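Coordinates as given in structure13.txt (compact mmCIF, C-alpha atoms (C1' of nucleotides)):
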```txt
# COMPACT_ATOMS: atom_id res chain seq x y z
CA MET P 1 0.00 0.00 0.00
CA GLY P 2 1.62 3.22 -1.15
CA ASP P 3 1.53 6.54 0.60
CA PHE P 4 -0.99 7.73 -1.93
CA MET P 5 -3.60 5.56 -0.25
CA LEU P 6 -4.58 7.51 2.83
CA HIS P 7 -6.96 4.94 4.23
CA GLY P 8 -7.51 1.24 3.59
CA ASP P 9 -10.41 0.47 1.29
CA LEU P 10 -13.49 -0.46 3.30
CA HIS P 11 -13.96 -3.57 1.17
CA LEU P 12 -10.52 -4.86 2.03
CA LYS P 13 -11.02 -4.61 5.78
CA PRO P 14 -11.56 -7.98 7.46
CA GLY P 15 -14.23 -6.53 9.74
CA HIS P 16 -16.33 -5.41 6.81
CA LEU P 17 -15.88 -8.69 4.93
CA ILE P 18 -16.84 -10.66 8.03
CA ARG P 19 -19.98 -8.57 8.43
CA ARG P 20 -20.95 -9.23 4.81
CA ALA P 21 -20.17 -12.93 5.20
CA GLN P 22 -22.50 -13.04 8.20
CA GLN P 23 -25.31 -11.35 6.25
CA ILE P 24 -24.83 -13.89 3.47
CA ALA P 25 -24.70 -16.85 5.84
CA VAL P 26 -27.93 -15.81 7.57
CA SER P 27 -29.63 -15.13 4.26
CA ILE P 28 -28.71 -18.53 2.81
CA PHE P 29 -29.77 -20.24 6.04
CA LEU P 30 -33.19 -18.60 6.07
CA ASP P 31 -33.60 -19.43 2.41
CA GLU P 32 -32.79 -23.12 2.85
CA CYS P 33 -34.82 -23.44 6.05
CA LYS P 34 -37.76 -21.16 5.28
CA GLU P 35 -40.27 -24.00 5.54
CA PHE P 36 -39.18 -24.67 9.14
CA ASP P 37 -39.49 -21.16 10.61
CA LEU P 38 -36.02 -21.54 12.13
CA THR P 39 -33.18 -19.01 12.48
CA PRO P 40 -29.44 -19.84 12.57
CA THR P 41 -29.22 -18.92 16.23
CA GLN P 42 -32.21 -21.05 17.14
CA TYR P 43 -30.63 -23.95 15.27
CA ALA P 44 -27.42 -23.48 17.25
CA VAL P 45 -29.32 -23.73 20.53
CA LEU P 46 -31.14 -26.87 19.45
CA ALA P 47 -27.88 -28.43 18.21
CA VAL P 48 -26.21 -27.77 21.58
CA LEU P 49 -29.15 -29.35 23.39
CA ARG P 50 -28.88 -32.43 21.19
CA GLU P 51 -25.41 -33.01 22.65
CA LYS P 52 -26.42 -32.48 26.27
CA SER P 53 -29.82 -32.11 27.88
CA ASP P 54 -30.98 -30.18 30.93
CA LEU P 55 -28.51 -27.35 30.58
CA ASP P 56 -29.11 -24.18 32.53
CA GLN P 57 -29.50 -21.11 30.36
CA ILE P 58 -26.08 -19.63 31.11
CA THR P 59 -24.26 -22.84 30.16
CA LEU P 60 -26.48 -23.22 27.12
CA ALA P 61 -25.68 -19.67 26.06
CA SER P 62 -21.94 -20.23 26.51
CA ARG P 63 -21.93 -23.38 24.40
CA ALA P 64 -23.88 -21.71 21.62
CA ALA P 65 -21.73 -18.55 21.94
CA LEU P 66 -24.75 -16.44 22.80
CA ASP P 67 -24.98 -13.51 25.15
CA ARG P 68 -26.77 -14.24 28.42
CA SER P 69 -29.17 -11.36 27.75
CA THR P 70 -30.16 -12.91 24.42
CA ILE P 71 -30.76 -16.48 25.50
CA GLY P 72 -33.92 -15.71 27.47
CA GLY P 73 -36.06 -14.51 24.60
CA LEU P 74 -34.61 -17.07 22.27
CA VAL P 75 -35.46 -19.96 24.56
CA GLU P 76 -38.90 -18.48 25.08
CA ARG P 77 -39.58 -18.49 21.34
CA LEU P 78 -38.34 -22.07 21.04
CA GLU P 79 -40.62 -23.04 23.91
CA GLU P 80 -43.61 -21.42 22.20
CA LYS P 81 -42.89 -23.52 19.14
CA GLY P 82 -42.86 -26.63 21.31
CA TRP P 83 -39.29 -27.62 20.49
CA ILE P 84 -37.86 -27.28 24.00
CA ARG P 85 -39.08 -27.40 27.58
CA ARG P 86 -37.91 -25.50 30.67
CA THR P 87 -38.01 -26.86 34.20
CA VAL P 88 -36.93 -25.12 37.38
CA GLY P 89 -33.70 -26.65 38.73
CA VAL P 90 -34.09 -28.95 41.70
CA GLU P 91 -30.67 -28.45 43.28
CA ASP P 92 -30.52 -24.75 42.38
CA ARG P 93 -33.89 -23.09 42.09
CA ARG P 94 -32.38 -20.09 40.31
CA GLN P 95 -31.69 -22.26 37.28
CA LYS P 96 -34.07 -23.13 34.49
CA LEU P 97 -32.99 -26.39 32.89
CA VAL P 98 -33.61 -26.58 29.17
CA SER P 99 -34.06 -29.73 27.11
CA LEU P 100 -35.39 -30.76 23.72
CA THR P 101 -38.94 -32.06 23.39
CA GLU P 102 -39.62 -34.98 21.09
CA ALA P 103 -40.97 -32.51 18.56
CA GLY P 104 -37.68 -30.60 18.85
CA GLN P 105 -35.60 -33.73 18.26
CA ALA P 106 -37.70 -34.73 15.28
CA MET P 107 -37.50 -31.25 13.87
CA LEU P 108 -33.69 -31.23 14.20
CA GLU P 109 -33.45 -34.48 12.28
CA THR P 110 -35.68 -33.12 9.55
CA VAL P 111 -33.85 -29.82 9.17
CA GLU P 112 -30.32 -31.23 9.17
CA PRO P 113 -30.04 -31.81 5.40
CA SER P 114 -31.05 -28.20 4.77
CA VAL P 115 -28.45 -26.96 7.25
CA GLU P 116 -25.81 -29.05 5.48
CA ARG P 117 -26.81 -27.42 2.18
CA VAL P 118 -26.29 -24.00 3.78
CA GLN P 119 -22.67 -24.85 4.52
CA GLN P 120 -22.20 -26.24 1.01
CA ARG P 121 -23.57 -23.09 -0.60
CA LEU P 122 -21.47 -20.85 1.62
CA LEU P 123 -18.23 -22.61 0.65
CA GLU P 124 -19.25 -23.12 -2.98
CA PRO P 125 -16.87 -20.43 -4.30
CA LEU P 126 -13.85 -22.32 -2.93
CA ASN P 127 -12.42 -25.61 -4.12
CA GLY P 128 -11.70 -28.53 -1.78
CA ASP P 129 -8.23 -27.48 -0.68
CA GLU P 130 -9.25 -23.87 -0.27
CA ARG P 131 -12.21 -24.84 1.89
CA ALA P 132 -9.99 -26.74 4.28
CA VAL P 133 -7.51 -23.87 4.45
CA PHE P 134 -10.22 -21.26 4.92
CA MET P 135 -11.95 -23.22 7.65
CA ALA P 136 -8.70 -23.88 9.51
CA LEU P 137 -7.72 -20.20 9.42
CA LEU P 138 -11.21 -19.01 10.37
CA GLU P 139 -11.33 -21.46 13.25
CA ARG P 140 -7.99 -20.23 14.53
CA LEU P 141 -9.02 -16.59 14.20
CA VAL P 142 -12.21 -17.26 16.16
CA ASP P 143 -10.64 -19.47 18.81
CA GLU P 144 -7.74 -17.19 19.60
CA ASN P 145 -9.97 -14.11 19.70
CA ASN P 146 -12.59 -15.99 21.71
CA GLU P 147 -12.15 -13.89 24.83
CA SER P 148 -12.62 -10.64 22.92
CA SER P 149 -16.31 -11.42 22.58
CA ARG P 150 -18.83 -10.77 25.31
CA ALA P 151 -20.25 -14.19 24.48
CA PRO P 152 -17.14 -16.39 24.38
CA PHE P 153 -17.60 -20.07 23.74
CA LYS P 154 -17.14 -22.21 26.83
CA LYS P 155 -16.99 -25.95 27.45
CA MET O 1 -16.21 -37.75 8.62
CA GLY O 2 -17.16 -41.31 9.45
CA ASP O 3 -20.64 -42.74 9.60
CA PHE O 4 -20.43 -42.68 13.38
CA MET O 5 -20.78 -38.92 13.27
CA LEU O 6 -24.43 -38.34 12.62
CA HIS O 7 -24.25 -34.59 12.32
CA GLY O 8 -21.41 -32.13 11.79
CA ASP O 9 -20.19 -30.46 14.93
CA LEU O 10 -21.74 -27.02 15.31
CA HIS O 11 -18.30 -25.54 15.90
CA LEU O 12 -17.01 -26.81 12.60
CA LYS O 13 -19.79 -25.27 10.55
CA PRO O 14 -18.70 -22.20 8.58
CA GLY O 15 -21.97 -20.42 9.35
CA HIS O 16 -21.42 -20.72 13.08
CA LEU O 17 -17.78 -19.66 12.85
CA ILE O 18 -18.70 -16.65 10.73
CA ARG O 19 -21.32 -15.64 13.29
CA ARG O 20 -18.74 -15.84 16.09
CA ALA O 21 -16.21 -13.94 13.99
CA GLN O 22 -18.77 -11.18 13.50
CA GLN O 23 -19.44 -10.97 17.24
CA ILE O 24 -15.71 -10.73 17.86
CA ALA O 25 -15.17 -8.12 15.15
CA VAL O 26 -17.94 -5.90 16.52
CA SER O 27 -16.72 -6.33 20.06
CA ILE O 28 -13.14 -5.36 19.18
CA PHE O 29 -14.38 -2.42 17.13
CA LEU O 30 -16.50 -1.05 19.97
CA ASP O 31 -13.62 -1.54 22.37
CA GLU O 32 -11.10 0.34 20.22
CA CYS O 33 -13.57 3.10 19.34
CA LYS O 34 -15.48 3.47 22.60
CA GLU O 35 -14.37 7.07 23.05
CA PHE O 36 -15.98 8.01 19.72
CA ASP O 37 -19.49 6.56 20.20
CA LEU O 38 -19.24 4.92 16.79
CA THR O 39 -20.44 1.50 15.58
CA PRO O 40 -18.85 -0.55 12.77
CA THR O 41 -21.86 0.03 10.51
CA GLN O 42 -21.82 3.76 11.14
CA TYR O 43 -18.13 3.79 10.29
CA ALA O 44 -18.85 1.98 7.02
CA VAL O 45 -21.38 4.64 6.02
CA LEU O 46 -18.99 7.48 6.82
CA ALA O 47 -16.17 5.73 4.92
CA VAL O 48 -18.38 5.37 1.84
CA LEU O 49 -19.32 9.04 2.01
CA ARG O 50 -15.64 9.99 2.17
CA GLU O 51 -15.21 8.45 -1.27
CA LYS O 52 -18.26 10.12 -2.80
CA SER O 53 -20.54 12.85 -1.50
CA ASP O 54 -24.24 13.52 -2.05
CA LEU O 55 -25.29 9.92 -2.44
CA ASP O 56 -28.95 9.06 -2.21
CA GLN O 57 -29.76 6.62 0.58
CA ILE O 58 -30.31 3.58 -1.66
CA THR O 59 -26.94 4.00 -3.36
CA LEU O 60 -25.30 4.70 -0.03
CA ALA O 61 -26.85 1.53 1.42
CA SER O 62 -25.68 -0.55 -1.56
CA ARG O 63 -22.11 0.65 -1.29
CA ALA O 64 -21.97 -0.02 2.44
CA ALA O 65 -23.77 -3.36 1.94
CA LEU O 66 -26.66 -2.28 4.14
CA ASP O 67 -30.32 -3.08 3.76
CA ARG O 68 -32.47 -0.20 2.53
CA SER O 69 -34.73 -0.54 5.56
CA THR O 70 -31.74 -0.13 7.88
CA ILE O 71 -30.11 2.90 6.30
CA GLY O 72 -32.83 5.32 7.35
CA GLY O 73 -32.41 5.06 11.10
CA LEU O 74 -28.68 4.79 10.76
CA VAL O 75 -28.41 8.00 8.78
CA GLU O 76 -30.74 9.67 11.24
CA ARG O 77 -28.45 8.80 14.15
CA LEU O 78 -25.42 10.07 12.25
CA GLU O 79 -27.29 13.28 11.51
CA GLU O 80 -28.13 13.74 15.20
CA LYS O 81 -24.44 13.45 15.98
CA GLY O 82 -23.70 16.17 13.44
CA TRP O 83 -21.48 13.99 11.25
CA ILE O 84 -23.61 14.03 8.10
CA ARG O 85 -26.26 16.21 6.52
CA ARG O 86 -29.26 15.33 4.37
CA THR O 87 -30.71 17.50 1.62
CA VAL O 88 -33.69 16.77 -0.59
CA GLY O 89 -32.59 15.98 -4.16
CA VAL O 90 -33.04 18.80 -6.66
CA GLU O 91 -33.45 16.70 -9.79
CA ASP O 92 -35.40 13.96 -8.00
CA ARG O 93 -37.33 15.08 -4.97
CA ARG O 94 -37.81 11.52 -3.79
CA GLN O 95 -34.11 11.33 -2.98
CA LYS O 96 -32.36 12.53 0.14
CA LEU O 97 -28.74 13.26 -0.67
CA VAL O 98 -26.32 12.48 2.13
CA SER O 99 -22.90 14.04 2.67
CA LEU O 100 -20.31 14.38 5.43
CA THR O 101 -20.19 17.53 7.51
CA GLU O 102 -16.82 19.02 8.43
CA ALA O 103 -17.27 17.51 11.87
CA GLY O 104 -17.85 14.16 10.20
CA GLN O 105 -14.70 14.43 8.09
CA ALA O 106 -12.63 15.45 11.10
CA MET O 107 -14.08 12.62 13.12
CA LEU O 108 -13.24 10.08 10.40
CA GLU O 109 -9.62 11.24 10.34
CA THR O 110 -9.40 10.98 14.11
CA VAL O 111 -10.92 7.52 14.33
CA GLU O 112 -8.93 5.95 11.50
CA PRO O 113 -5.96 4.75 13.60
CA SER O 114 -8.36 2.98 15.99
CA VAL O 115 -10.10 1.29 13.06
CA GLU O 116 -6.74 0.11 11.74
CA ARG O 117 -5.99 -1.38 15.16
CA VAL O 118 -9.27 -3.30 15.00
CA GLN O 119 -8.15 -5.03 11.81
CA GLN O 120 -4.74 -5.76 13.32
CA ARG O 121 -6.25 -7.32 16.42
CA LEU O 122 -8.66 -9.40 14.36
CA LEU O 123 -5.90 -10.91 12.25
CA GLU O 124 -3.43 -11.17 15.11
CA PRO O 125 -3.77 -14.98 15.39
CA LEU O 126 -2.52 -15.41 11.81
CA ASN O 127 0.97 -14.79 10.47
CA GLY O 128 1.65 -12.63 7.42
CA ASP O 129 1.17 -15.30 4.77
CA GLU O 130 -1.89 -16.71 6.45
CA ARG O 131 -3.48 -13.28 6.64
CA ALA O 132 -3.11 -12.77 2.91
CA VAL O 133 -4.52 -16.23 2.17
CA PHE O 134 -7.41 -15.79 4.60
CA MET O 135 -8.33 -12.38 3.24
CA ALA O 136 -8.19 -13.58 -0.37
CA LEU O 137 -10.42 -16.57 0.37
CA LEU O 138 -12.86 -14.54 2.48
CA GLU O 139 -13.08 -11.91 -0.23
CA ARG O 140 -13.85 -14.54 -2.83
CA LEU O 141 -16.45 -16.21 -0.63
CA VAL O 142 -18.17 -12.88 -0.07
CA ASP O 143 -17.95 -11.64 -3.65
CA GLU O 144 -19.23 -14.80 -5.26
CA ASN O 145 -22.06 -15.11 -2.73
CA ASN O 146 -22.83 -11.41 -3.02
CA GLU O 147 -26.23 -11.89 -4.61
CA SER O 148 -27.34 -14.27 -1.88
CA SER O 149 -27.61 -11.34 0.51
CA ARG O 150 -30.59 -9.01 0.63
CA ALA O 151 -28.08 -6.18 0.86
CA PRO O 152 -25.59 -7.03 -1.92
CA PHE O 153 -22.74 -4.65 -2.51
CA LYS O 154 -23.17 -2.54 -5.63
CA LYS O 155 -20.94 -0.11 -7.47
C1' DT Q 1 -28.86 -18.25 62.43
C1' DG Q 2 -28.04 -14.03 60.07
C1' DC Q 3 -24.93 -11.43 56.92
C1' DT Q 4 -22.48 -10.98 52.61
C1' DG Q 5 -20.94 -11.70 48.09
C1' DA Q 6 -21.70 -14.27 43.92
C1' DT Q 7 -24.68 -16.17 40.51
C1' DA Q 8 -29.08 -17.21 37.34
C1' DG Q 9 -32.39 -15.07 35.17
C1' DA Q 10 -35.23 -11.21 33.72
C1' DC Q 11 -35.73 -6.70 31.99
C1' DA Q 12 -35.23 -1.89 29.85
C1' DG Q 13 -33.02 0.44 26.29
C1' DC Q 14 -30.35 0.84 22.06
C1' DA Q 15 -28.40 -0.64 17.35
C1' DT Q 16 -28.43 -3.76 13.45
C1' DA Q 17 -30.88 -6.77 10.08
C1' DC Q 18 -34.73 -8.45 7.58
C1' DT Q 19 -39.99 -8.87 5.67
C1' DG Q 20 -43.53 -6.63 3.83
C1' DA Q 21 -46.49 -2.64 3.32
C1' DT Q 22 -47.37 2.21 2.26
C1' DC Q 23 -46.76 6.89 0.43
C1' DG Q 24 -44.97 10.32 -2.50
C1' DT Q 25 -42.55 11.17 -6.68
C1' DC Q 26 -40.95 10.28 -11.24
C1' DA Q 27 -40.92 8.73 -16.10
C1' DG Q 28 -42.89 6.69 -20.05
C1' DT Q 29 -46.98 6.13 -22.73
C1' DG Q 30 -51.50 6.60 -24.81
C1' DC C 1 -52.53 15.67 -19.84
C1' DA C 2 -53.95 11.47 -17.35
C1' DC C 3 -52.59 6.69 -16.36
C1' DT C 4 -49.48 3.28 -15.05
C1' DG C 5 -45.57 1.18 -13.37
C1' DA C 6 -41.17 1.84 -11.18
C1' DC C 7 -38.54 3.75 -7.58
C1' DG C 8 -36.87 6.43 -3.01
C1' DA C 9 -37.95 6.61 1.49
C1' DT C 10 -40.38 5.36 5.62
C1' DC C 11 -42.64 2.43 8.86
C1' DA C 12 -44.54 -1.64 11.59
C1' DG C 13 -43.21 -5.96 13.22
C1' DT C 14 -39.77 -9.51 14.48
C1' DA C 15 -35.09 -11.42 15.77
C1' DT C 16 -30.44 -10.88 17.27
C1' DG C 17 -26.83 -8.72 20.11
C1' DC C 18 -25.09 -5.61 23.39
C1' DT C 19 -24.95 -2.53 28.14
C1' DG C 20 -26.51 -2.07 32.51
C1' DT C 21 -29.57 -3.00 36.22
C1' DC C 22 -32.50 -5.58 39.29
C1' DT C 23 -34.45 -9.57 41.90
C1' DA C 24 -34.32 -14.12 43.71
C1' DT C 25 -31.50 -17.51 45.21
C1' DC C 26 -27.44 -19.76 46.74
C1' DA C 27 -23.10 -20.54 49.32
C1' DG C 28 -19.76 -19.41 52.69
C1' DC C 29 -18.85 -17.70 57.01
C1' DA C 30 -19.17 -15.42 61.57
```
Once you've parsed the file, please lay out its structure as structure tokens.
Amino acid sequence: MGDFMLHGDLHLKPGHLIRRAQQIAVSIFLDECKEFDLTPTQYAVLAVLREKSDLDQITLASRAALDRSTIGGLVERLEEKGWIRRTVGVEDRRQKLVSLTEAGQAMLETVEPSVERVQQRLLEPLNGDERAVFMALLERLVDENNESSRAPFKK
Amino acid sequence: MGDFMLHGDLHLKPGHLIRRAQQIAVSIFLDECKEFDLTPTQYAVLAVLREKSDLDQITLASRAALDRSTIGGLVERLEEKGWIRRTVGVEDRRQKLVSLTEAGQAMLETVEPSVERVQQRLLEPLNGDERAVFMALLERLVDENNESSRAPFKK
DNA sequence: TGCTGATAGACAGCATACTGATCGTCAGTG
DNA sequence: CACTGACGATCAGTATGCTGTCTATCAGCA
């Protein structure tokens, strides 16, 4: 970059490209999953619950990399749709333990092929080698900056 | 991926990683620029206006890769802060032409070093070669999926 | 047992995104 | 000139994401 360029081009800044990538990823997801009335974030919560049931909301939020102030409404919407259930914790009555309903499990199974297509479409512009390289670099960028987010991934 | 793995791990899905990267990018931006009361999106709008003045809101939104329904409120907040001004178009009275005020230009100059630091911090986990590779791949992914977004970049 | 600090969850308020509708203006045509 | 279709801007409604605050509850300790 020569001295003649006073400021970096907006479209070459990683922050801007990441923002556009996120818009694209959400858009493709909603397109592929429009028949299920499901958002990417809601899918993430359901996918976490598939791995482990009866998580309290804070733990659930951490595993899905969600902010604790966001998880409440999200879980409420999932409950309204009948995909999860909340029970007050027995050992700690502050906690609300969240788990998938049978409808939620069934729905996850059904939606999975669409979610796989989302990832395919996202990476479509890259060939096999490039996809592996891109994913490895992106994963490292995210992992090593994990603590810079208010909603860092945990456990 | 063997048959034993029924579904891809959430944390290996590009969509999820991109979402986390976006959270991190915003968080770092707000941290570096907290003294300026400026968001990444607001910065993008100001940076576009630095390149070309008196853009109507639709064109401005396209160049900053913003949705047309988002640009209104955004521009309003920037106007309240005194960084831009809006005038009704002379040739086409439907348009509102947006341009930087002197305060807006000065503010952009002042904030630029902080914005550069954001990009440095984001790419910190990668070495020089890896940064170039990552940026090239990310740019291609975004460009070739451009039309999948409701707010594709134009011009 | 009663006090204190920490934690889980909820909430208010703001900014970004998107869907879909509406309103005013423009431009081309009969 | 009136009609029609396209376009710029706005708005209502919903979802995510953040800051900051509050309440209920818990856990440790005097």
So that each row is one residue of region 25-74 of chain O with an atom at most 8 Å from region 1-23 of chain C, can you give its shortest atom pair and the distance in Å to one decimal, using all atoms listed in the file, rows by chain and rising number, as CSV?
```
residue,atom,partner,partner_atom,distance
O:Gln57,CA,C:DG8,C1',8.0
O:Ile58,CA,C:DG8,C1',7.3
O:Gly72,CA,C:DT10,C1',7.7
```
Which residues of chain Q come within 12 Å of chain O, and what is each one's closest atom pair and distance in Å (one decimal), counting only C-alpha atoms (C1' of nucleotides), sorted by chain and residue number, as CSV?
```
residue,atom,partner,partner_atom,distance
Q:DC14,C1',O:Arg77,CA,11.4
Q:DA15,C1',O:Thr39,CA,8.4
Q:DT16,C1',O:Thr70,CA,7.4
Q:DA17,C1',O:Thr70,CA,7.0
Q:DC18,C1',O:Asp67,CA,7.9
Q:DT19,C1',O:Ser69,CA,9.9
Q:DG20,C1',O:Ser69,CA,10.8
Q:DC23,C1',O:Arg94,CA,10.9
Q:DG24,C1',O:Arg94,CA,7.4
Q:DT25,C1',O:Arg94,CA,5.6
Q:DC26,C1',O:Asp92,CA,7.4
Q:DA27,C1',O:Asp92,CA,11.1
```
Counting all atoms listed in the file, which residues of chain O fall within 7 Å of chain P, and what is the closest atom pair for each with its distance in Å at one decimal, ordered by chain and rising number, as JSON lines?
```
{"residue": "O:Leu10", "atom": "CA", "partner": "P:Ala47", "partner_atom": "CA", "distance": 6.9}
{"residue": "O:Lys13", "atom": "CA", "partner": "P:Gln119", "partner_atom": "CA", "distance": 6.7}
{"residue": "O:Pro14", "atom": "CA", "partner": "P:Gln119", "partner_atom": "CA", "distance": 6.3}
{"residue": "O:Gly15", "atom": "CA", "partner": "P:Ala25", "partner_atom": "CA", "distance": 5.7}
{"residue": "O:Leu17", "atom": "CA", "partner": "P:Glu139", "partner_atom": "CA", "distance": 6.7}
{"residue": "O:Ile18", "atom": "CA", "partner": "P:Gln22", "partner_atom": "CA", "distance": 5.8}
{"residue": "O:Arg19", "atom": "CA", "partner": "P:Gln22", "partner_atom": "CA", "distance": 5.8}
{"residue": "O:Arg20", "atom": "CA", "partner": "P:Val142", "partner_atom": "CA", "distance": 6.7}
{"residue": "O:Ala21", "atom": "CA", "partner": "P:Val142", "partner_atom": "CA", "distance": 5.6}
{"residue": "O:Gln22", "atom": "CA", "partner": "P:Ile18", "partner_atom": "CA", "distance": 5.8}
{"residue": "O:Gln23", "atom": "CA", "partner": "P:Ser149", "partner_atom": "CA", "distance": 6.2}
{"residue": "O:Ile24", "atom": "CA", "partner": "P:Ser149", "partner_atom": "CA", "distance": 4.8}
{"residue": "O:Ala25", "atom": "CA", "partner": "P:Gly15", "partner_atom": "CA", "distance": 5.7}
{"residue": "O:Ser27", "atom": "CA", "partner": "P:Ser149", "partner_atom": "CA", "distance": 5.7}
{"residue": "O:Ile28", "atom": "CA", "partner": "P:Ser148", "partner_atom": "CA", "distance": 6.5}
{"residue": "O:Ala44", "atom": "CA", "partner": "P:Leu10", "partner_atom": "CA", "distance": 7.0}
{"residue": "O:Ala47", "atom": "CA", "partner": "P:Leu10", "partner_atom": "CA", "distance": 6.9}
{"residue": "O:Gln119", "atom": "CA", "partner": "P:Pro14", "partner_atom": "CA", "distance": 6.3}
{"residue": "O:Leu123", "atom": "CA", "partner": "P:Leu141", "partner_atom": "CA", "distance": 6.8}
{"residue": "O:Pro125", "atom": "CA", "partner": "P:Leu141", "partner_atom": "CA", "distance": 5.6}
{"residue": "O:Phe134", "atom": "CA", "partner": "P:Phe134", "partner_atom": "CA", "distance": 6.2}
{"residue": "O:Met135", "atom": "CA", "partner": "P:Pro14", "partner_atom": "CA", "distance": 6.9}
{"residue": "O:Leu137", "atom": "CA", "partner": "P:Phe134", "partner_atom": "CA", "distance": 6.5}
{"residue": "O:Glu139", "atom": "CA", "partner": "P:Leu17", "partner_atom": "CA", "distance": 6.7}
{"residue": "O:Arg140", "atom": "CA", "partner": "P:Pro125", "partner_atom": "CA", "distance": 6.8}
{"residue": "O:Leu141", "atom": "CA", "partner": "P:Pro125", "partner_atom": "CA", "distance": 5.6}
{"residue": "O:Val142", "atom": "CA", "partner": "P:Ala21", "partner_atom": "CA", "distance": 5.6}
{"residue": "O:Glu144", "atom": "CA", "partner": "P:Pro125", "partner_atom": "CA", "distance": 6.2}
{"residue": "O:Asn145", "atom": "CA", "partner": "P:Ile24", "partner_atom": "CA", "distance": 6.9}
{"residue": "O:Ser148", "atom": "CA", "partner": "P:Ile24", "partner_atom": "CA", "distance": 5.9}
{"residue": "O:Ser149", "atom": "CA", "partner": "P:Ile24", "partner_atom": "CA", "distance": 4.8}
```
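Note that the spacing between C1' of DA21 (chain Q) and CA of Phe36 (chain P) amounts to 23.9 Å.
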Please, what distance in Å, to one decimal, runs between CA of Glu102 (chain P) and CA of Leu30 (chain P)?
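Between CA of Glu102 (chain P) and CA of Leu30 (chain P) the gap is 23.1 Å.
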Show me the residues around (-21.1, -14.9, 56.0) - criterion: an atom at most 8 Å away, only C-alpha atoms (C1' of nucleotides) counted - as a PyMOL selection string.
(chain Q and resi 3-4) or (chain C and resi 28-30)
Rounded to one decimal, what separation in Å do you get between C1' of DA8 (chain Q) and CA of Ala103 (chain P)?
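A separation of 27.0 Å between them.
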Could you check the closest approach to chain C for each of O:Leu108, O:Leu46, O:Leu97, O:Ala132 and tell me which residue wins, using all atoms listed in the file?
O:Leu97
Could I see region 135-139 of chain P restored to all heavy atoms, set down as a CSV table (one decimal), in the frame of the given file?
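Saved file out.csv follows:
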```csv
chain,number,residue,atom,x,y,z
P,135,MET,N,-11.3,-22.8,6.4
P,135,MET,CA,-12.0,-23.2,7.6
P,135,MET,C,-10.9,-23.3,8.8
P,135,MET,O,-11.2,-22.9,9.9
P,135,MET,CB,-12.6,-24.6,7.5
P,135,MET,CG,-13.9,-24.5,6.7
P,135,MET,SD,-15.2,-23.5,7.4
P,135,MET,CE,-15.6,-24.6,8.8
P,136,ALA,N,-9.7,-23.8,8.5
P,136,ALA,CA,-8.7,-23.9,9.5
P,136,ALA,C,-8.3,-22.5,10.0
P,136,ALA,O,-8.1,-22.2,11.2
P,136,ALA,CB,-7.5,-24.6,9.0
P,137,LEU,N,-8.1,-21.6,9.0
P,137,LEU,CA,-7.7,-20.2,9.4
P,137,LEU,C,-8.8,-19.5,10.2
P,137,LEU,O,-8.6,-18.8,11.2
P,137,LEU,CB,-7.3,-19.4,8.2
P,137,LEU,CG,-6.1,-19.9,7.4
P,137,LEU,CD1,-5.9,-19.1,6.2
P,137,LEU,CD2,-4.9,-19.8,8.3
P,138,LEU,N,-10.1,-19.7,9.7
P,138,LEU,CA,-11.2,-19.0,10.4
P,138,LEU,C,-11.4,-19.6,11.8
P,138,LEU,O,-11.6,-18.8,12.7
P,138,LEU,CB,-12.5,-19.2,9.6
P,138,LEU,CG,-13.8,-18.7,10.1
P,138,LEU,CD1,-13.7,-17.2,10.3
P,138,LEU,CD2,-15.0,-19.0,9.2
P,139,GLU,N,-11.2,-20.8,11.9
P,139,GLU,CA,-11.3,-21.5,13.2
P,139,GLU,C,-10.3,-20.9,14.2
P,139,GLU,O,-10.5,-20.6,15.4
P,139,GLU,CB,-11.2,-23.0,13.1
P,139,GLU,CG,-12.0,-23.8,14.1
P,139,GLU,CD,-11.7,-25.3,14.0
P,139,GLU,OE1,-11.6,-25.7,12.9
P,139,GLU,OE2,-11.7,-25.9,15.0
```
